[in-house]
Structures are given as structure tokens and as C-alpha cells.
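Structure file final.txt (compact mmCIF, N, CA and C atoms) follows.
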```txt
# COMPACT_ATOMS: atom_id res chain seq x y z
N MET H 1 -51.18 -215.01 -72.35
CA MET H 1 -50.54 -214.91 -71.06
C MET H 1 -51.29 -213.90 -70.19
N CYS H 2 -50.97 -213.89 -68.94
CA CYS H 2 -51.71 -213.02 -68.03
C CYS H 2 -51.04 -211.65 -67.87
N LYS H 3 -51.82 -210.73 -67.33
CA LYS H 3 -51.30 -209.39 -67.06
C LYS H 3 -50.80 -209.38 -65.62
N VAL H 4 -49.61 -208.84 -65.43
CA VAL H 4 -49.01 -208.73 -64.11
C VAL H 4 -48.84 -207.25 -63.80
N ILE H 5 -49.37 -206.83 -62.66
CA ILE H 5 -49.23 -205.44 -62.21
C ILE H 5 -48.21 -205.43 -61.09
N LEU H 6 -47.09 -204.76 -61.31
CA LEU H 6 -46.03 -204.65 -60.31
C LEU H 6 -46.22 -203.34 -59.55
N VAL H 7 -46.32 -203.43 -58.23
CA VAL H 7 -46.57 -202.27 -57.39
C VAL H 7 -45.34 -201.99 -56.55
N GLY H 8 -45.01 -200.72 -56.38
CA GLY H 8 -43.91 -200.37 -55.49
C GLY H 8 -43.05 -199.25 -56.01
N ALA H 9 -42.05 -198.92 -55.20
CA ALA H 9 -41.16 -197.81 -55.52
C ALA H 9 -39.73 -198.26 -55.81
N ASP H 10 -39.42 -199.52 -55.62
CA ASP H 10 -38.08 -200.04 -55.86
C ASP H 10 -37.91 -200.28 -57.36
N VAL H 11 -37.47 -199.26 -58.07
CA VAL H 11 -37.41 -199.27 -59.53
C VAL H 11 -36.50 -200.37 -60.05
N ALA H 12 -35.36 -200.57 -59.43
CA ALA H 12 -34.42 -201.59 -59.91
C ALA H 12 -35.02 -202.99 -59.80
N LEU H 13 -35.63 -203.29 -58.68
CA LEU H 13 -36.25 -204.60 -58.49
C LEU H 13 -37.39 -204.81 -59.48
N LEU H 14 -38.28 -203.83 -59.59
CA LEU H 14 -39.43 -203.97 -60.47
C LEU H 14 -39.02 -204.06 -61.93
N GLU H 15 -37.99 -203.34 -62.32
CA GLU H 15 -37.51 -203.41 -63.70
C GLU H 15 -36.96 -204.80 -64.01
N GLY H 16 -36.21 -205.37 -63.08
CA GLY H 16 -35.69 -206.73 -63.27
C GLY H 16 -36.81 -207.75 -63.38
N LEU H 17 -37.82 -207.63 -62.51
CA LEU H 17 -38.97 -208.54 -62.57
C LEU H 17 -39.72 -208.37 -63.89
N ALA H 18 -39.89 -207.13 -64.31
CA ALA H 18 -40.62 -206.86 -65.56
C ALA H 18 -39.91 -207.48 -66.76
N GLN H 19 -38.61 -207.37 -66.81
CA GLN H 19 -37.87 -207.93 -67.93
C GLN H 19 -38.03 -209.44 -67.99
N THR H 20 -37.97 -210.08 -66.83
CA THR H 20 -38.13 -211.53 -66.78
C THR H 20 -39.55 -211.94 -67.17
N LEU H 21 -40.55 -211.23 -66.66
CA LEU H 21 -41.94 -211.55 -66.99
C LEU H 21 -42.24 -211.30 -68.46
N LEU H 22 -41.72 -210.21 -69.01
CA LEU H 22 -41.91 -209.94 -70.43
C LEU H 22 -41.25 -211.01 -71.28
N GLY H 23 -40.11 -211.51 -70.83
CA GLY H 23 -39.42 -212.60 -71.54
C GLY H 23 -40.24 -213.88 -71.57
N CYS H 24 -41.10 -214.07 -70.58
CA CYS H 24 -41.98 -215.24 -70.53
C CYS H 24 -43.29 -215.00 -71.28
N GLY H 25 -43.47 -213.79 -71.83
CA GLY H 25 -44.64 -213.49 -72.62
C GLY H 25 -45.80 -212.86 -71.89
N HIS H 26 -45.61 -212.44 -70.66
CA HIS H 26 -46.68 -211.82 -69.89
C HIS H 26 -46.74 -210.31 -70.16
N ASP H 27 -47.92 -209.73 -69.99
CA ASP H 27 -48.07 -208.28 -70.06
C ASP H 27 -47.74 -207.73 -68.69
N VAL H 28 -46.97 -206.65 -68.64
CA VAL H 28 -46.55 -206.07 -67.37
C VAL H 28 -46.93 -204.60 -67.33
N GLU H 29 -47.50 -204.19 -66.21
CA GLU H 29 -47.81 -202.79 -65.96
C GLU H 29 -47.27 -202.42 -64.59
N PHE H 30 -47.04 -201.13 -64.38
CA PHE H 30 -46.50 -200.64 -63.12
C PHE H 30 -47.51 -199.74 -62.42
N ALA H 31 -47.52 -199.80 -61.09
CA ALA H 31 -48.35 -198.92 -60.28
C ALA H 31 -47.53 -198.51 -59.06
N ALA H 32 -47.65 -197.25 -58.67
CA ALA H 32 -46.89 -196.75 -57.53
C ALA H 32 -47.50 -197.18 -56.20
N THR H 33 -48.83 -197.25 -56.14
CA THR H 33 -49.51 -197.58 -54.88
C THR H 33 -50.56 -198.66 -55.13
N LEU H 34 -51.09 -199.18 -54.04
CA LEU H 34 -52.13 -200.19 -54.11
C LEU H 34 -53.40 -199.63 -54.74
N SER H 35 -53.73 -198.38 -54.44
CA SER H 35 -54.92 -197.78 -55.04
C SER H 35 -54.75 -197.55 -56.54
N ASP H 36 -53.53 -197.24 -56.99
CA ASP H 36 -53.27 -197.12 -58.43
C ASP H 36 -53.48 -198.47 -59.12
N ALA H 37 -53.03 -199.54 -58.47
CA ALA H 37 -53.20 -200.88 -59.03
C ALA H 37 -54.68 -201.23 -59.14
N ALA H 38 -55.47 -200.83 -58.14
CA ALA H 38 -56.90 -201.12 -58.15
C ALA H 38 -57.60 -200.46 -59.34
N THR H 39 -57.17 -199.26 -59.70
CA THR H 39 -57.79 -198.58 -60.84
C THR H 39 -57.37 -199.19 -62.18
N MET H 40 -56.24 -199.89 -62.20
CA MET H 40 -55.75 -200.50 -63.44
C MET H 40 -56.37 -201.87 -63.71
N MET H 41 -56.98 -202.47 -62.70
CA MET H 41 -57.49 -203.83 -62.85
C MET H 41 -58.78 -203.86 -63.67
N ARG H 42 -58.89 -204.91 -64.49
CA ARG H 42 -60.09 -205.12 -65.29
C ARG H 42 -60.62 -206.52 -64.99
N ALA H 43 -61.91 -206.66 -64.89
CA ALA H 43 -62.52 -207.94 -64.52
C ALA H 43 -62.40 -208.99 -65.62
N ASP H 44 -62.15 -208.59 -66.84
CA ASP H 44 -62.13 -209.55 -67.94
C ASP H 44 -60.75 -210.11 -68.24
N GLU H 45 -59.75 -209.79 -67.45
CA GLU H 45 -58.40 -210.28 -67.70
C GLU H 45 -57.88 -211.09 -66.53
N THR H 46 -57.01 -212.04 -66.83
CA THR H 46 -56.32 -212.77 -65.79
C THR H 46 -55.21 -211.88 -65.29
N GLU H 47 -55.23 -211.56 -64.01
CA GLU H 47 -54.28 -210.60 -63.46
C GLU H 47 -53.64 -211.11 -62.18
N VAL H 48 -52.36 -210.83 -62.07
CA VAL H 48 -51.63 -211.08 -60.84
C VAL H 48 -51.04 -209.74 -60.40
N VAL H 49 -51.30 -209.36 -59.16
CA VAL H 49 -50.77 -208.11 -58.62
C VAL H 49 -49.65 -208.49 -57.66
N VAL H 50 -48.45 -207.96 -57.91
CA VAL H 50 -47.29 -208.21 -57.08
C VAL H 50 -47.04 -206.93 -56.28
N VAL H 51 -47.22 -207.00 -54.96
CA VAL H 51 -47.21 -205.80 -54.13
C VAL H 51 -46.26 -205.97 -52.94
N PRO H 52 -45.51 -204.92 -52.59
CA PRO H 52 -44.63 -205.02 -51.42
C PRO H 52 -45.44 -204.97 -50.12
N SER H 53 -44.92 -205.60 -49.10
CA SER H 53 -45.62 -205.61 -47.81
C SER H 53 -45.79 -204.20 -47.25
N GLU H 54 -44.85 -203.29 -47.57
CA GLU H 54 -44.97 -201.91 -47.09
C GLU H 54 -46.21 -201.22 -47.65
N ALA H 55 -46.54 -201.49 -48.91
CA ALA H 55 -47.71 -200.86 -49.53
C ALA H 55 -49.00 -201.33 -48.87
N VAL H 56 -49.05 -202.60 -48.49
CA VAL H 56 -50.23 -203.12 -47.82
C VAL H 56 -50.32 -202.54 -46.41
N THR H 57 -49.18 -202.41 -45.74
CA THR H 57 -49.15 -201.84 -44.40
C THR H 57 -49.60 -200.38 -44.42
N GLU H 58 -49.13 -199.62 -45.40
CA GLU H 58 -49.51 -198.21 -45.52
C GLU H 58 -51.01 -198.05 -45.77
N ALA H 59 -51.59 -198.95 -46.56
CA ALA H 59 -53.02 -198.87 -46.85
C ALA H 59 -53.85 -199.27 -45.64
N GLY H 60 -53.28 -200.08 -44.75
CA GLY H 60 -53.97 -200.48 -43.52
C GLY H 60 -55.18 -201.35 -43.78
N GLN H 61 -56.18 -201.25 -42.92
CA GLN H 61 -57.38 -202.07 -43.02
C GLN H 61 -58.21 -201.72 -44.25
N ALA H 62 -57.98 -200.57 -44.82
CA ALA H 62 -58.74 -200.16 -46.01
C ALA H 62 -58.18 -200.79 -47.29
N ALA H 63 -57.09 -201.55 -47.16
CA ALA H 63 -56.47 -202.16 -48.34
C ALA H 63 -57.42 -203.15 -48.99
N SER H 64 -57.69 -202.92 -50.24
CA SER H 64 -58.52 -203.86 -51.00
C SER H 64 -58.24 -203.70 -52.48
N LEU H 65 -58.48 -204.76 -53.20
CA LEU H 65 -58.35 -204.75 -54.65
C LEU H 65 -59.59 -205.42 -55.22
N PRO H 66 -60.06 -205.01 -56.38
CA PRO H 66 -61.27 -205.59 -56.96
C PRO H 66 -61.01 -206.94 -57.63
N PHE H 67 -60.68 -207.96 -56.83
CA PHE H 67 -60.36 -209.26 -57.40
C PHE H 67 -61.61 -210.00 -57.83
N THR H 68 -61.49 -210.68 -58.96
CA THR H 68 -62.52 -211.59 -59.42
C THR H 68 -61.92 -212.99 -59.37
N ALA H 69 -62.58 -213.96 -59.93
CA ALA H 69 -62.07 -215.32 -59.91
C ALA H 69 -60.77 -215.48 -60.70
N ASN H 70 -60.47 -214.54 -61.57
CA ASN H 70 -59.26 -214.64 -62.38
C ASN H 70 -58.19 -213.65 -61.96
N GLY H 71 -58.14 -213.31 -60.66
CA GLY H 71 -57.12 -212.41 -60.14
C GLY H 71 -56.47 -212.98 -58.89
N ALA H 72 -55.22 -212.61 -58.67
CA ALA H 72 -54.51 -213.09 -57.50
C ALA H 72 -53.49 -212.05 -57.03
N LEU H 73 -53.04 -212.21 -55.82
CA LEU H 73 -52.12 -211.28 -55.18
C LEU H 73 -50.88 -212.04 -54.72
N ILE H 74 -49.72 -211.45 -54.95
CA ILE H 74 -48.47 -211.96 -54.40
C ILE H 74 -47.84 -210.82 -53.62
N VAL H 75 -47.62 -211.05 -52.32
CA VAL H 75 -47.03 -210.05 -51.44
C VAL H 75 -45.55 -210.39 -51.28
N TYR H 76 -44.70 -209.37 -51.38
CA TYR H 76 -43.27 -209.63 -51.21
C TYR H 76 -42.65 -208.68 -50.19
N GLY H 77 -41.56 -209.15 -49.63
CA GLY H 77 -40.78 -208.36 -48.70
C GLY H 77 -39.32 -208.57 -48.99
N LYS H 78 -38.48 -207.96 -48.18
CA LYS H 78 -37.04 -208.08 -48.39
C LYS H 78 -36.40 -209.07 -47.43
N SER H 79 -37.17 -209.56 -46.43
CA SER H 79 -36.65 -210.56 -45.50
C SER H 79 -37.77 -211.52 -45.10
N ARG H 80 -37.40 -212.64 -44.52
CA ARG H 80 -38.36 -213.68 -44.16
C ARG H 80 -39.35 -213.23 -43.09
N GLY H 81 -38.99 -212.32 -42.23
CA GLY H 81 -39.84 -211.93 -41.12
C GLY H 81 -40.89 -210.89 -41.45
N GLU H 82 -41.10 -210.56 -42.71
CA GLU H 82 -42.01 -209.49 -43.09
C GLU H 82 -43.43 -209.97 -43.39
N HIS H 83 -43.89 -211.03 -42.73
CA HIS H 83 -45.28 -211.45 -42.92
C HIS H 83 -46.17 -210.52 -42.12
N LEU H 84 -47.26 -210.11 -42.70
CA LEU H 84 -48.12 -209.14 -42.07
C LEU H 84 -49.56 -209.63 -42.07
N PHE H 85 -50.37 -208.96 -41.28
CA PHE H 85 -51.79 -209.28 -41.25
C PHE H 85 -52.46 -208.61 -42.43
N LEU H 86 -53.21 -209.38 -43.20
CA LEU H 86 -53.93 -208.86 -44.36
C LEU H 86 -55.42 -208.87 -44.09
N PRO H 87 -56.15 -207.91 -44.64
CA PRO H 87 -57.61 -207.96 -44.54
C PRO H 87 -58.12 -209.27 -45.16
N PRO H 88 -59.25 -209.80 -44.67
CA PRO H 88 -59.74 -211.11 -45.15
C PRO H 88 -59.87 -211.24 -46.66
N LYS H 89 -60.34 -210.20 -47.35
CA LYS H 89 -60.48 -210.29 -48.80
C LYS H 89 -59.13 -210.50 -49.47
N LEU H 90 -58.11 -209.82 -48.98
CA LEU H 90 -56.77 -209.98 -49.56
C LEU H 90 -56.14 -211.31 -49.16
N GLN H 91 -56.46 -211.82 -47.96
CA GLN H 91 -55.93 -213.12 -47.53
C GLN H 91 -56.39 -214.21 -48.49
N ARG H 92 -57.65 -214.18 -48.87
CA ARG H 92 -58.19 -215.22 -49.77
C ARG H 92 -57.56 -215.15 -51.16
N ALA H 93 -57.19 -213.97 -51.59
CA ALA H 93 -56.64 -213.80 -52.94
C ALA H 93 -55.13 -213.96 -52.99
N THR H 94 -54.47 -214.07 -51.84
CA THR H 94 -53.01 -214.13 -51.81
C THR H 94 -52.49 -215.52 -52.16
N LEU H 95 -51.66 -215.58 -53.19
CA LEU H 95 -51.04 -216.84 -53.59
C LEU H 95 -49.83 -217.16 -52.73
N ALA H 96 -49.03 -216.13 -52.41
CA ALA H 96 -47.79 -216.40 -51.68
C ALA H 96 -47.22 -215.12 -51.08
N HIS H 97 -46.36 -215.32 -50.09
CA HIS H 97 -45.50 -214.27 -49.54
C HIS H 97 -44.09 -214.64 -49.97
N LEU H 98 -43.44 -213.77 -50.72
CA LEU H 98 -42.12 -214.05 -51.25
C LEU H 98 -41.08 -213.08 -50.71
N VAL H 99 -39.83 -213.49 -50.78
CA VAL H 99 -38.70 -212.62 -50.49
C VAL H 99 -38.04 -212.34 -51.84
N LEU H 100 -38.17 -211.10 -52.29
CA LEU H 100 -37.61 -210.74 -53.59
C LEU H 100 -36.40 -209.84 -53.40
N PRO H 101 -35.39 -209.99 -54.17
CA PRO H 101 -35.26 -210.73 -55.42
C PRO H 101 -34.82 -212.18 -55.26
N LEU H 102 -34.62 -212.66 -54.03
CA LEU H 102 -34.13 -214.03 -53.84
C LEU H 102 -35.04 -215.09 -54.44
N GLU H 103 -36.34 -214.91 -54.37
CA GLU H 103 -37.28 -215.91 -54.86
C GLU H 103 -37.90 -215.52 -56.21
N ARG H 104 -37.10 -214.94 -57.06
CA ARG H 104 -37.57 -214.51 -58.38
C ARG H 104 -38.08 -215.69 -59.21
N GLN H 105 -37.38 -216.81 -59.18
CA GLN H 105 -37.81 -217.97 -59.95
C GLN H 105 -39.13 -218.54 -59.42
N ARG H 106 -39.33 -218.48 -58.12
CA ARG H 106 -40.59 -218.92 -57.54
C ARG H 106 -41.74 -218.01 -58.01
N LEU H 107 -41.48 -216.72 -58.10
CA LEU H 107 -42.48 -215.78 -58.62
C LEU H 107 -42.87 -216.15 -60.04
N MET H 108 -41.87 -216.41 -60.88
CA MET H 108 -42.16 -216.77 -62.27
C MET H 108 -42.97 -218.06 -62.34
N ALA H 109 -42.63 -219.03 -61.51
CA ALA H 109 -43.36 -220.30 -61.50
C ALA H 109 -44.81 -220.09 -61.05
N LEU H 110 -45.02 -219.24 -60.05
CA LEU H 110 -46.37 -218.97 -59.57
C LEU H 110 -47.22 -218.29 -60.64
N VAL H 111 -46.64 -217.32 -61.33
CA VAL H 111 -47.38 -216.61 -62.38
C VAL H 111 -47.72 -217.57 -63.52
N GLN H 112 -46.76 -218.39 -63.93
CA GLN H 112 -47.01 -219.36 -64.99
C GLN H 112 -48.09 -220.35 -64.59
N SER H 113 -48.00 -220.85 -63.35
CA SER H 113 -48.98 -221.81 -62.86
C SER H 113 -50.37 -221.19 -62.78
N PHE H 114 -50.46 -219.96 -62.27
CA PHE H 114 -51.74 -219.29 -62.18
C PHE H 114 -52.35 -219.07 -63.55
N ASP H 115 -51.52 -218.69 -64.51
CA ASP H 115 -52.00 -218.45 -65.87
C ASP H 115 -52.52 -219.74 -66.49
N SER H 116 -51.76 -220.82 -66.39
CA SER H 116 -52.20 -222.09 -67.00
C SER H 116 -53.43 -222.64 -66.29
N ARG H 117 -53.51 -222.48 -64.98
CA ARG H 117 -54.68 -222.95 -64.23
C ARG H 117 -55.92 -222.16 -64.62
N SER H 118 -55.79 -220.86 -64.81
CA SER H 118 -56.94 -220.06 -65.19
C SER H 118 -57.42 -220.41 -66.60
N ARG H 119 -56.51 -220.77 -67.48
CA ARG H 119 -56.93 -221.19 -68.82
C ARG H 119 -57.59 -222.56 -68.79
N THR H 120 -57.05 -223.46 -67.97
CA THR H 120 -57.60 -224.80 -67.87
C THR H 120 -59.01 -224.79 -67.32
N THR H 121 -59.25 -223.96 -66.32
CA THR H 121 -60.57 -223.91 -65.70
C THR H 121 -61.54 -223.01 -66.46
N GLY H 122 -61.07 -222.34 -67.50
CA GLY H 122 -61.95 -221.49 -68.29
C GLY H 122 -62.15 -220.11 -67.70
N ARG H 123 -61.35 -219.73 -66.71
CA ARG H 123 -61.51 -218.42 -66.10
C ARG H 123 -60.85 -217.32 -66.91
N SER H 124 -59.94 -217.69 -67.77
CA SER H 124 -59.25 -216.69 -68.58
C SER H 124 -60.13 -216.32 -69.77
N GLU H 125 -60.35 -215.04 -69.94
CA GLU H 125 -61.17 -214.56 -71.05
C GLU H 125 -60.34 -214.39 -72.31
N ARG H 126 -59.05 -214.36 -72.16
CA ARG H 126 -58.19 -214.18 -73.33
C ARG H 126 -58.03 -215.50 -74.04
N GLU H 127 -58.37 -215.54 -75.27
CA GLU H 127 -58.20 -216.72 -76.08
C GLU H 127 -57.23 -216.38 -77.19
N VAL H 128 -56.34 -217.29 -77.45
CA VAL H 128 -55.37 -217.08 -78.52
C VAL H 128 -56.03 -217.47 -79.83
N GLY H 129 -56.12 -216.52 -80.73
CA GLY H 129 -56.72 -216.79 -82.03
C GLY H 129 -55.77 -217.58 -82.90
N GLY H 130 -56.30 -218.15 -83.93
CA GLY H 130 -55.41 -218.86 -84.82
C GLY H 130 -56.05 -220.13 -85.32
N GLU H 131 -55.27 -221.19 -85.33
CA GLU H 131 -55.67 -222.44 -85.91
C GLU H 131 -56.84 -223.09 -85.18
N ASP H 132 -57.55 -223.92 -85.94
CA ASP H 132 -58.62 -224.72 -85.36
C ASP H 132 -57.97 -226.00 -84.85
N TYR H 133 -58.20 -226.33 -83.60
CA TYR H 133 -57.53 -227.47 -83.00
C TYR H 133 -58.39 -228.72 -82.96
N GLN H 134 -59.37 -228.84 -83.83
CA GLN H 134 -60.18 -230.05 -83.89
C GLN H 134 -59.42 -231.13 -84.64
N VAL H 135 -59.65 -232.36 -84.20
CA VAL H 135 -58.98 -233.49 -84.84
C VAL H 135 -59.59 -233.75 -86.21
N GLN H 136 -58.76 -233.90 -87.21
CA GLN H 136 -59.19 -234.16 -88.58
C GLN H 136 -59.06 -235.66 -88.85
N PHE H 137 -60.11 -236.25 -89.41
CA PHE H 137 -60.06 -237.68 -89.78
C PHE H 137 -60.01 -237.82 -91.26
```
What's the C-alpha cells form of this structure?
Amino acid sequence: MCKVILVGADVALLEGLAQTLLGCGHDVEFAATLSDAATMMRADETEVVVVPSEAVTEAGQAASLPFTANGALIVYGKSRGEHLFLPPKLQRATLAHLVLPLERQRLMALVQSFDSRSRTTGRSEREVGGEDYQVQF
């Protein structure tokens, strides 16, 4: 499963999201700011960063994350009108703008879809060890 980095200061919301993501088998880490999340990212893992729109606004035009082909960004707010202008690098990496906690199930579906797509395309470096899946005749 993929690693999800939850960014923000809303402890109750992030704890609820973490419990749900852990229940689906994902690795979850927390970061207080966007720059903290950037230092936690590794190029060899499939990662989804879930960040509040306030954190992106506070970082301003300098907001950036070291995304590779196996990383994505989900921006969330507390209401529908919180869409903001993102720097071009972050725009390309953004999967969705969500309203949390209302769209919690959509978040889970996006993370699951991103994880399965990265495995299908070979972008995920994590391989599950175990049985040999070759057909036996």
C-alpha cells in the first residue's frame, strides 16, 4: 500500500483520516507544515500528500513538494468555495480538491485508485514479497 502524509493542525480530522487509512492498510505519517511534509518524502515510495488549503496559502508561491512520478497531492478545505491558485508544479500533481470530513469516502477511493494505478504502471517500488505467481502446468 502507499504512504499517505497528512498535513495540518486539525488533530481531530487528521486522526479520523489516519484511522480510516490505516484500516485500509496504508502507511500514515503526520506533518505540521508543507515544508515538514517535503522533508518526509522519499522518491522510492508511492506517496499521497493530503494538505489543507490554508497550508498552501501560507506557503504562497514558494510552495513546492519534491514529487516524482509516484507522488500526488490532495488539497482539502472545509467548504466548497476554498479553491485556490496553486503554483504550476503543484497543479500538475494535484489529484483533487476535497471538502473534508464530508468527502472522506472520496479521499479513500482516490488513495486506493492512485495506489493500484501506480502498481499497475510499475511506478510503485514496493513489491509484496511472498508466493511466486507464475502459472504451473
Please return as a count of residues only every residue within 8 Å of (-49.5, -204.5, -48.3), taking into account all atoms listed in the file and the file's own coordinates. 17
Length of the atom C of Gly16 (chain H) to atom N of Met108 (chain H) vector [Å]: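 Taking atom C of Gly16 (chain H) as the start and atom N of Met108 (chain H) as the end point, the length is 10.3 Å.
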What's the 5 Å shell around region 17-30 of chain H, counting all atoms listed in the file, without same-chain residues fewer than 3 positions away, as a PyMOL selection string? chain H and resi 2-6+13-14
Point-to-point distance from CA of Leu73 (chain H) to atom C of Arg92 (chain H), Å rounded to tenths: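 Straight-line distance from CA of Leu73 (chain H) to atom C of Arg92 (chain H) works out to 7.8 Å.
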In terms of the shortest atom-to-atom distance over only C-alpha atoms, which of H:Thr121, H:Met40, H:Leu107, H:Thr33 is closest to Leu95 (chain H)?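 Among H:Thr121, H:Met40, H:Leu107, H:Thr33, it is H:Leu107 that comes nearest to Leu95 (chain H).
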Please provide the set of residues having any atom within 8 Å of Phe67 (chain H), restricted to all atoms listed in the file, with same-chain residues fewer than 2 positions apart removed, written as a list in words. Ala38, Met41, Ala43, Ser64, Leu65, Ala69, Asn70, Gly71, Ala72, Lys89 and Ala93 of chain H
Atom C of Gln112 (chain H) sits from atom C of Leu98 (chain H) at a separation of 17.2 Å
Please return, as a list in words, all residues of chain H that DSSP assigns to strand (DSSP E) on the basis of the backbone.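 Restricting chain H to strand (DSSP E) produces Lys3, Val4, Ile5, Leu6, Val7, Asp27, Val28, Glu29, Phe30, Ala31, Glu47, Val48, Val49, Val50, Val51, Pro52, Gly71, Ala72, Leu73, Ile74, Val75, Tyr76, Gly77, Thr94, Leu95, Ala96, His97, Leu98 and Val99 of chain H.
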Sel. of alpha helix (DSSP H) residues, chain H, as a ChimeraX atom specification: /H:11-23,34-40,53-59,88-93,104-120
From the list H:Val49, H:Ser35, H:Thr94, H:Leu100, which residue is nearest Asp10 (chain H) when using only C-alpha atoms?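 The answer is H:Leu100, which sits nearest to Asp10 (chain H).
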Fewer than 5 positions away in the same chain doesn't count, so skip those; otherwise give me all residues within 8 Å of Pro101 (chain H), counting all atoms listed in the file, as an MDAnalysis selection string. chainID H and resid 13 77:79
With distances taken over only C-alpha atoms, which residue among H:Leu110, H:Ala12, H:Leu102, H:Val48 lies nearest Thr68 (chain H)?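 For Thr68 (chain H), the nearest of the candidates is H:Val48.
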Would you fill out region 67-74 of chain H with all heavy atoms and return it as a PDB file, in the frame of the given file?
```pdb
ATOM      1  N   PHE H  67     -60.680-207.960 -56.830  1.00  0.00           N
ATOM      2  CA  PHE H  67     -60.360-209.260 -57.400  1.00  0.00           C
ATOM      3  C   PHE H  67     -61.610-210.000 -57.830  1.00  0.00           C
ATOM      4  O   PHE H  67     -62.642-209.976 -57.169  1.00  0.00           O
ATOM      5  CB  PHE H  67     -59.615-210.135 -56.385  1.00  0.00           C
ATOM      6  CG  PHE H  67     -58.177-209.775 -56.256  1.00  0.00           C
ATOM      7  CD1 PHE H  67     -57.696-209.259 -55.075  1.00  0.00           C
ATOM      8  CD2 PHE H  67     -57.301-209.947 -57.304  1.00  0.00           C
ATOM      9  CE1 PHE H  67     -56.375-208.924 -54.943  1.00  0.00           C
ATOM     10  CE2 PHE H  67     -55.975-209.609 -57.187  1.00  0.00           C
ATOM     11  CZ  PHE H  67     -55.511-209.102 -56.004  1.00  0.00           C
ATOM     12  N   THR H  68     -61.490-210.680 -58.960  1.00  0.00           N
ATOM     13  CA  THR H  68     -62.520-211.590 -59.420  1.00  0.00           C
ATOM     14  C   THR H  68     -61.920-212.990 -59.370  1.00  0.00           C
ATOM     15  O   THR H  68     -60.817-213.170 -58.850  1.00  0.00           O
ATOM     16  CB  THR H  68     -62.956-211.236 -60.858  1.00  0.00           C
ATOM     17  OG1 THR H  68     -61.815-211.324 -61.716  1.00  0.00           O
ATOM     18  CG2 THR H  68     -63.547-209.843 -60.922  1.00  0.00           C
ATOM     19  N   ALA H  69     -62.580-213.960 -59.930  1.00  0.00           N
ATOM     20  CA  ALA H  69     -62.070-215.320 -59.910  1.00  0.00           C
ATOM     21  C   ALA H  69     -60.770-215.480 -60.700  1.00  0.00           C
ATOM     22  O   ALA H  69     -60.046-216.441 -60.511  1.00  0.00           O
ATOM     23  CB  ALA H  69     -63.125-216.269 -60.469  1.00  0.00           C
ATOM     24  N   ASN H  70     -60.470-214.540 -61.570  1.00  0.00           N
ATOM     25  CA  ASN H  70     -59.260-214.640 -62.380  1.00  0.00           C
ATOM     26  C   ASN H  70     -58.190-213.650 -61.960  1.00  0.00           C
ATOM     27  O   ASN H  70     -57.396-213.201 -62.765  1.00  0.00           O
ATOM     28  CB  ASN H  70     -59.588-214.496 -63.866  1.00  0.00           C
ATOM     29  CG  ASN H  70     -60.390-213.250 -64.169  1.00  0.00           C
ATOM     30  OD1 ASN H  70     -60.904-212.601 -63.267  1.00  0.00           O
ATOM     31  ND2 ASN H  70     -60.504-212.908 -65.424  1.00  0.00           N
ATOM     32  N   GLY H  71     -58.140-213.310 -60.660  1.00  0.00           N
ATOM     33  CA  GLY H  71     -57.120-212.410 -60.140  1.00  0.00           C
ATOM     34  C   GLY H  71     -56.470-212.980 -58.890  1.00  0.00           C
ATOM     35  O   GLY H  71     -57.096-213.750 -58.168  1.00  0.00           O
ATOM     36  N   ALA H  72     -55.220-212.610 -58.670  1.00  0.00           N
ATOM     37  CA  ALA H  72     -54.510-213.090 -57.500  1.00  0.00           C
ATOM     38  C   ALA H  72     -53.490-212.050 -57.030  1.00  0.00           C
ATOM     39  O   ALA H  72     -53.128-211.144 -57.777  1.00  0.00           O
ATOM     40  CB  ALA H  72     -53.792-214.397 -57.799  1.00  0.00           C
ATOM     41  N   LEU H  73     -53.040-212.210 -55.820  1.00  0.00           N
ATOM     42  CA  LEU H  73     -52.120-211.280 -55.180  1.00  0.00           C
ATOM     43  C   LEU H  73     -50.880-212.040 -54.720  1.00  0.00           C
ATOM     44  O   LEU H  73     -50.994-213.132 -54.175  1.00  0.00           O
ATOM     45  CB  LEU H  73     -52.805-210.627 -53.973  1.00  0.00           C
ATOM     46  CG  LEU H  73     -51.992-209.673 -53.118  1.00  0.00           C
ATOM     47  CD1 LEU H  73     -51.745-208.368 -53.876  1.00  0.00           C
ATOM     48  CD2 LEU H  73     -52.732-209.381 -51.824  1.00  0.00           C
ATOM     49  N   ILE H  74     -49.720-211.450 -54.950  1.00  0.00           N
ATOM     50  CA  ILE H  74     -48.470-211.960 -54.400  1.00  0.00           C
ATOM     51  C   ILE H  74     -47.840-210.820 -53.620  1.00  0.00           C
ATOM     52  O   ILE H  74     -47.600-209.750 -54.152  1.00  0.00           O
ATOM     53  CB  ILE H  74     -47.513-212.464 -55.506  1.00  0.00           C
ATOM     54  CG1 ILE H  74     -48.150-213.644 -56.250  1.00  0.00           C
ATOM     55  CG2 ILE H  74     -46.167-212.843 -54.918  1.00  0.00           C
ATOM     56  CD1 ILE H  74     -47.352-214.154 -57.422  1.00  0.00           C
TER      57      ILE H  74
END
```
